[in-house]
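S.K.: What follows is final-v3.tsv, made up of TSV, C-alpha atoms:
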```
chain	number	residue	atom	x	y	z
R	1	MET	CA	-88.42	-75.73	-19.85
R	2	GLU	CA	-85.01	-74.69	-20.97
R	3	LYS	CA	-86.49	-72.34	-23.58
R	4	LYS	CA	-88.54	-70.74	-20.84
R	5	LYS	CA	-85.40	-70.18	-18.75
R	6	GLN	CA	-83.62	-68.66	-21.73
R	7	LYS	CA	-86.56	-66.32	-22.39
R	8	ILE	CA	-86.56	-65.20	-18.72
R	9	LYS	CA	-82.79	-64.72	-18.84
R	10	LYS	CA	-83.03	-62.66	-22.07
R	11	LYS	CA	-85.85	-60.63	-20.57
R	12	THR	CA	-83.83	-59.80	-17.43
R	13	GLU	CA	-80.81	-58.95	-19.56
R	14	ASN	CA	-82.95	-56.64	-21.70
R	15	GLU	CA	-84.29	-54.97	-18.55
R	16	LYS	CA	-80.76	-54.53	-17.20
R	17	ASN	CA	-79.66	-53.08	-20.54
R	18	LYS	CA	-82.60	-50.66	-20.51
R	19	ILE	CA	-81.70	-49.54	-16.97
R	20	LEU	CA	-78.05	-49.15	-17.90
R	21	MET	CA	-79.04	-47.14	-20.99
R	22	LYS	CA	-81.22	-44.85	-18.86
R	23	ILE	CA	-78.35	-44.31	-16.43
R	24	LYS	CA	-75.96	-43.70	-19.31
R	25	ASN	CA	-78.37	-41.20	-20.89
R	26	PHE	CA	-78.83	-39.45	-17.54
R	27	PHE	CA	-75.09	-38.95	-17.03
R	28	ASN	CA	-74.48	-38.03	-20.65
R	29	ASN	CA	-77.13	-35.33	-20.45
R	30	PRO	CA	-75.64	-32.18	-18.82
R	31	VAL	CA	-78.95	-30.70	-17.58
R	32	PRO	CA	-79.45	-33.01	-14.54
R	33	LEU	CA	-75.81	-32.67	-13.57
R	34	ILE	CA	-76.00	-28.88	-13.76
R	35	ILE	CA	-79.14	-28.90	-11.59
R	36	VAL	CA	-77.43	-31.11	-8.98
R	37	LEU	CA	-74.33	-28.88	-8.95
R	38	ILE	CA	-76.44	-25.73	-8.57
R	39	ALA	CA	-78.27	-27.33	-5.62
R	40	ILE	CA	-74.96	-28.23	-3.95
R	41	ILE	CA	-73.64	-24.69	-4.46
R	42	CYS	CA	-76.81	-23.17	-2.96
R	43	VAL	CA	-76.55	-25.38	0.12
R	44	LEU	CA	-72.88	-24.45	0.58
R	45	LEU	CA	-73.62	-20.71	0.19
R	46	ILE	CA	-76.34	-20.87	2.84
R	47	PHE	CA	-74.00	-22.77	5.17
R	48	ILE	CA	-71.17	-20.26	4.69
R	49	SER	CA	-73.42	-17.24	5.20
R	50	LYS	CA	-74.75	-18.70	8.47
R	51	MET	CA	-71.19	-19.34	9.63
R	52	ASN	CA	-70.25	-15.71	8.95
R	53	THR	CA	-73.22	-14.32	10.89
R	54	LYS	CA	-72.29	-16.38	13.97
R	55	SER	CA	-68.88	-14.77	14.21
R	56	LYS	CA	-68.81	-11.53	16.25
R	57	ILE	CA	-65.83	-9.49	17.45
R	58	TYR	CA	-66.26	-6.49	19.76
R	59	VAL	CA	-63.74	-4.21	21.50
R	60	GLY	CA	-64.55	-1.55	24.06
R	61	GLU	CA	-63.73	0.41	27.16
R	62	ILE	CA	-65.21	2.21	30.15
R	63	ASN	CA	-64.10	5.71	31.04
R	64	LYS	CA	-66.78	7.57	33.00
R	65	ASP	CA	-67.94	8.40	36.52
R	66	GLY	CA	-64.62	7.50	38.09
R	67	MET	CA	-64.40	4.04	36.50
R	68	GLN	CA	-61.77	3.18	33.94
R	69	VAL	CA	-61.41	-0.14	32.14
R	70	VAL	CA	-58.93	0.30	29.33
R	71	ASN	CA	-59.62	-2.85	27.37
R	72	VAL	CA	-62.70	-5.04	27.03
R	73	HIS	CA	-63.00	-7.41	24.13
R	74	TYR	CA	-64.74	-10.62	23.21
R	75	PHE	CA	-65.38	-12.78	20.24
R	76	THR	CA	-67.84	-15.54	19.48
R	77	ASN	CA	-67.94	-17.97	16.61
R	78	ASN	CA	-69.14	-21.50	15.97
R	79	ASP	CA	-66.05	-23.01	17.58
R	80	MET	CA	-65.01	-20.99	20.64
R	81	ASN	CA	-66.08	-17.95	22.69
R	82	TYR	CA	-63.59	-15.66	24.45
R	83	PHE	CA	-63.92	-12.70	26.83
R	84	TYR	CA	-61.24	-10.39	28.23
R	85	SER	CA	-61.50	-7.38	30.51
R	86	SER	CA	-58.45	-5.56	31.86
R	87	THR	CA	-58.22	-4.65	35.53
R	88	PRO	CA	-60.55	-1.76	36.40
R	89	LEU	CA	-59.43	1.39	38.15
R	90	TYR	CA	-62.12	2.98	40.34
R	91	ILE	CA	-61.67	6.52	41.72
R	92	GLY	CA	-65.35	7.42	42.04
R	93	GLU	CA	-67.27	8.73	45.02
R	94	TYR	CA	-67.38	5.36	46.85
R	95	LYS	CA	-63.68	4.51	46.39
R	96	ASP	CA	-62.87	4.80	50.13
R	97	LYS	CA	-66.06	3.08	51.35
R	98	GLU	CA	-65.45	-0.10	53.27
R	99	VAL	CA	-67.82	-2.96	52.55
R	100	TYR	CA	-68.59	-6.39	53.97
R	101	SER	CA	-70.20	-8.03	50.97
R	102	TYR	CA	-70.06	-7.38	47.26
R	103	GLN	CA	-71.00	-8.67	43.85
R	104	ILE	CA	-68.98	-7.48	40.86
R	105	GLY	CA	-69.15	-8.52	37.24
R	106	TYR	CA	-70.43	-8.13	33.74
R	107	TYR	CA	-74.07	-8.33	32.70
R	108	VAL	CA	-75.94	-7.89	29.44
R	109	GLU	CA	-79.23	-6.07	28.97
R	110	ASP	CA	-81.79	-7.01	26.34
R	111	LYS	CA	-84.08	-4.61	24.44
R	112	ASN	CA	-86.81	-5.01	27.08
R	113	GLY	CA	-84.48	-3.95	29.90
R	114	GLU	CA	-84.05	-7.44	31.33
R	115	ILE	CA	-80.58	-8.07	32.80
R	116	TYR	CA	-78.71	-11.36	32.30
R	117	GLU	CA	-75.69	-12.36	34.36
R	118	PHE	CA	-72.59	-12.97	32.28
R	119	ALA	CA	-69.49	-13.21	34.49
R	120	THR	CA	-69.67	-12.29	38.18
R	121	ARG	CA	-67.92	-12.78	41.51
R	122	SER	CA	-69.39	-12.26	44.96
R	123	LYS	CA	-68.37	-12.67	48.57
R	124	SER	CA	-69.49	-11.92	52.11
R	125	ALA	CA	-66.86	-11.40	54.80
R	126	ASP	CA	-66.59	-10.63	58.51
R	127	THR	CA	-64.01	-7.91	57.92
R	128	LYS	CA	-64.31	-4.74	55.90
R	129	ALA	CA	-62.46	-4.14	52.64
R	130	LYS	CA	-62.08	-0.97	50.61
R	131	LEU	CA	-64.40	-0.97	47.58
R	132	SER	CA	-61.75	0.39	45.20
R	133	VAL	CA	-59.35	-2.40	46.20
R	134	ILE	CA	-62.03	-5.08	45.67
R	135	ILE	CA	-62.86	-3.68	42.22
R	136	GLU	CA	-59.19	-3.64	41.21
R	137	GLU	CA	-58.55	-7.16	42.47
R	138	LEU	CA	-61.68	-8.86	41.15
R	139	GLY	CA	-62.86	-6.78	38.18
R	140	GLY	CA	-60.54	-8.24	35.52
R	141	TRP	CA	-61.57	-11.27	33.48
R	142	SER	CA	-60.04	-13.58	30.91
R	143	PHE	CA	-61.73	-16.83	29.92
R	144	ALA	CA	-62.61	-18.95	26.94
R	145	GLU	CA	-65.11	-21.72	26.47
R	146	SER	CA	-66.23	-24.08	23.76
R	147	TYR	CA	-69.17	-22.86	21.69
R	148	ASN	CA	-71.20	-25.88	22.79
R	149	ASN	CA	-70.42	-25.46	26.52
R	150	LYS	CA	-72.82	-22.51	27.17
R	151	TYR	CA	-71.75	-21.81	30.77
R	152	PHE	CA	-70.85	-18.12	30.43
R	153	PHE	CA	-71.94	-17.55	26.84
R	154	THR	CA	-75.59	-18.56	27.02
R	155	ASN	CA	-77.91	-17.77	24.12
R	156	GLU	CA	-79.34	-14.75	25.97
R	157	VAL	CA	-75.85	-13.40	26.60
R	158	ILE	CA	-74.61	-13.92	23.03
R	159	ASN	CA	-77.72	-12.27	21.55
R	160	ASN	CA	-77.28	-9.16	23.75
R	161	MET	CA	-73.49	-8.80	24.04
R	162	ASP	CA	-73.62	-5.45	22.27
R	163	ASN	CA	-75.25	-4.03	25.44
R	164	LEU	CA	-72.64	-5.00	28.05
R	165	HIS	CA	-72.48	-3.47	31.57
R	166	LEU	CA	-70.03	-3.65	34.45
R	167	MET	CA	-72.09	-3.67	37.65
R	168	ILE	CA	-70.99	-3.49	41.26
R	169	LYS	CA	-73.28	-4.03	44.24
R	170	ALA	CA	-71.89	-3.76	47.75
R	171	SER	CA	-73.11	-3.58	51.34
R	172	THR	CA	-71.53	-1.49	54.09
R	173	LYS	CA	-73.58	-3.36	56.72
R	174	LYS	CA	-72.25	-6.49	58.36
R	175	GLY	CA	-74.28	-9.69	58.05
R	176	THR	CA	-76.44	-8.67	55.09
R	177	ASN	CA	-76.18	-9.05	51.34
R	178	GLU	CA	-78.61	-6.20	50.68
R	179	ALA	CA	-76.67	-3.67	48.62
R	180	ASP	CA	-76.59	-0.03	49.66
R	181	ILE	CA	-74.02	0.80	46.97
R	182	SER	CA	-75.01	0.07	43.40
R	183	LEU	CA	-72.88	1.08	40.42
R	184	ASP	CA	-73.63	0.47	36.74
R	185	PHE	CA	-71.18	1.30	33.94
R	186	LYS	CA	-72.12	0.68	30.32
R	187	VAL	CA	-69.22	-0.57	28.20
R	188	ASP	CA	-68.64	1.52	25.06
R	189	LEU	CA	-68.32	-1.23	22.44
R	190	THR	CA	-67.31	-1.14	18.79
R	191	LYS	CA	-68.11	-4.06	16.50
R	192	ILE	CA	-65.12	-5.07	14.40
R	193	SER	CA	-66.61	-8.05	12.56
R	194	LYS	CA	-69.11	-7.67	9.70
```
Take the structure from the file and write it as structure tokens.

M.R.:
Amino acid sequence: MEKKKQKIKKKTENEKNKILMKIKNFFNNPVPLIIVLIAIICVLLIFISKMNTKSKIYVGEINKDGMQVVNVHYFTNNDMNYFYSSTPLYIGEYKDKEVYSYQIGYYVEDKNGEIYEFATRSKSADTKAKLSVIIEELGGWSFAESYNNKYFFTNEVINNMDNLHLMIKASTKKGTNEADISLDFKVDLTKISK
């Protein structure tokens, strides 16, 4: 019985030694290690290239049809998104119009012509206000949000930020939100990132 136990013990020791020898041979052979290192490098390169394509930086301005916005810029990356627009100056044909309701803000347009709301403000009031004053008071923006938040910077917005518009809709009639003044200014953007 004891001889049987010794044979089993020797057999398990031999099996352990064989396994240890295989492991030793594997690590002493440079080919598998090189293959593993190449695989790790490929995964890291793919990860880094995806990180670089997510980062976008644009700067721009509006200077046409009586509307001037000196500075518009935004950036997106995999950590944080930021948008800034300086206060607009409007001296166009509707500058002295008095309105009861308005909606002012930035929108993006996709390749099919569909408009997505980005950052807007709207209000209806019982008293009139001059359109140029409303644009100057409410047309500037500065906000940041986490990349995962997706309140302002939705996927549709991020994918079409290179086609950014400042739009103003206003109504000169009391008690209605139906716009009889509609202005659309495309932001001239320049991409700074790769």

S.K.: Write out as number ranges by chain the residues lying within 9 Å of Ser193 in chain R, counting only C-alpha atoms and excluding same-chain residues fewer than 4 positions away.

M.R.: R: 55-58

S.K.: Which one is closest to Gly66 in chain R: R:Thr190, R:Asn177, R:Ser132, R:Thr154? Count all atoms listed in the file.

M.R.: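 Smallest distance to Gly66 in chain R is found for R:Ser132.
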
S.K.: In Å to one decimal, how far is CA of Glu13 in chain R from CA of Phe26 in chain R?

M.R.: 19.7 Å

S.K.: For range 96-99 of chain R, work out the shell of residues within 8 Å, counting all atoms listed in the file and skipping chain neighbours fewer than 4 positions away, then give it as a ChimeraX atom specification.

M.R.: /R:128-132,170-173

S.K.: For the residues selected in the previous step, produce a file with C-alpha atoms as an mmCIF file, in the frame of the given file.

M.R.:
```cif
data_model
loop_
_atom_site.group_PDB
_atom_site.id
_atom_site.type_symbol
_atom_site.label_atom_id
_atom_site.label_comp_id
_atom_site.auth_asym_id
_atom_site.auth_seq_id
_atom_site.Cartn_x
_atom_site.Cartn_y
_atom_site.Cartn_z
ATOM 1 C CA LYS R 128 -64.310 -4.740 55.900
ATOM 2 C CA ALA R 129 -62.460 -4.140 52.640
ATOM 3 C CA LYS R 130 -62.080 -0.970 50.610
ATOM 4 C CA LEU R 131 -64.400 -0.970 47.580
ATOM 5 C CA SER R 132 -61.750 0.390 45.200
ATOM 6 C CA ALA R 170 -71.890 -3.760 47.750
ATOM 7 C CA SER R 171 -73.110 -3.580 51.340
ATOM 8 C CA THR R 172 -71.530 -1.490 54.090
ATOM 9 C CA LYS R 173 -73.580 -3.360 56.720
#
```

S.K.: With only C-alpha atoms as the basis for distance, which of R:Gly113, R:Tyr82, R:Leu45, R:Ser122 is at the shortest distance from Phe153 in chain R?

M.R.: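 For Phe153 in chain R, the nearest of the given residues is R:Tyr82.
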
S.K.: Could you jot down the CA of Asp180 in chain R to CA of Ile104 in chain R separation for me, Å, one decimal place?

M.R.: 13.8 Å

S.K.: Suppose you want the space between CA of Lys169 in chain R and CA of Met67 in chain R; what is it in Å?

M.R.: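 Distance between the two atoms: 14.3 Å.
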
S.K.: Would you mind writing range 104-116 of chain R with N, CA and C atoms, as a PDB file, in the coordinates of the input?

M.R.:
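Generated file (rebuild.pdb):
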```
ATOM      1  N   ILE R 104     -69.570  -8.260  41.940  1.00  0.00           N
ATOM      2  CA  ILE R 104     -68.980  -7.480  40.860  1.00  0.00           C
ATOM      3  C   ILE R 104     -68.929  -8.343  39.612  1.00  0.00           C
ATOM      4  N   GLY R 105     -69.237  -7.749  38.474  1.00  0.00           N
ATOM      5  CA  GLY R 105     -69.150  -8.520  37.240  1.00  0.00           C
ATOM      6  C   GLY R 105     -69.827  -7.859  36.069  1.00  0.00           C
ATOM      7  N   TYR R 106     -69.861  -8.613  34.990  1.00  0.00           N
ATOM      8  CA  TYR R 106     -70.430  -8.130  33.740  1.00  0.00           C
ATOM      9  C   TYR R 106     -71.800  -8.758  33.509  1.00  0.00           C
ATOM     10  N   TYR R 107     -72.697  -7.932  33.004  1.00  0.00           N
ATOM     11  CA  TYR R 107     -74.070  -8.330  32.700  1.00  0.00           C
ATOM     12  C   TYR R 107     -74.410  -7.807  31.311  1.00  0.00           C
ATOM     13  N   VAL R 108     -75.420  -8.413  30.705  1.00  0.00           N
ATOM     14  CA  VAL R 108     -75.940  -7.890  29.440  1.00  0.00           C
ATOM     15  C   VAL R 108     -77.403  -7.517  29.654  1.00  0.00           C
ATOM     16  N   GLU R 109     -77.851  -6.549  28.870  1.00  0.00           N
ATOM     17  CA  GLU R 109     -79.230  -6.070  28.970  1.00  0.00           C
ATOM     18  C   GLU R 109     -79.888  -6.240  27.606  1.00  0.00           C
ATOM     19  N   ASP R 110     -81.083  -6.851  27.602  1.00  0.00           N
ATOM     20  CA  ASP R 110     -81.790  -7.010  26.340  1.00  0.00           C
ATOM     21  C   ASP R 110     -82.618  -5.763  26.017  1.00  0.00           C
ATOM     22  N   LYS R 111     -83.321  -5.781  24.896  1.00  0.00           N
ATOM     23  CA  LYS R 111     -84.080  -4.610  24.440  1.00  0.00           C
ATOM     24  C   LYS R 111     -85.241  -4.270  25.355  1.00  0.00           C
ATOM     25  N   ASN R 112     -85.707  -5.239  26.146  1.00  0.00           N
ATOM     26  CA  ASN R 112     -86.810  -5.010  27.080  1.00  0.00           C
ATOM     27  C   ASN R 112     -86.338  -4.556  28.453  1.00  0.00           C
ATOM     28  N   GLY R 113     -85.023  -4.398  28.619  1.00  0.00           N
ATOM     29  CA  GLY R 113     -84.480  -3.950  29.900  1.00  0.00           C
ATOM     30  C   GLY R 113     -84.193  -5.075  30.877  1.00  0.00           C
ATOM     31  N   GLU R 114     -84.343  -6.316  30.445  1.00  0.00           N
ATOM     32  CA  GLU R 114     -84.050  -7.440  31.330  1.00  0.00           C
ATOM     33  C   GLU R 114     -82.541  -7.678  31.369  1.00  0.00           C
ATOM     34  N   ILE R 115     -82.022  -7.906  32.581  1.00  0.00           N
ATOM     35  CA  ILE R 115     -80.580  -8.070  32.800  1.00  0.00           C
ATOM     36  C   ILE R 115     -80.251  -9.558  32.924  1.00  0.00           C
ATOM     37  N   TYR R 116     -79.190  -9.981  32.218  1.00  0.00           N
ATOM     38  CA  TYR R 116     -78.710 -11.360  32.300  1.00  0.00           C
ATOM     39  C   TYR R 116     -77.279 -11.367  32.828  1.00  0.00           C
TER      40      TYR R 116
END
```
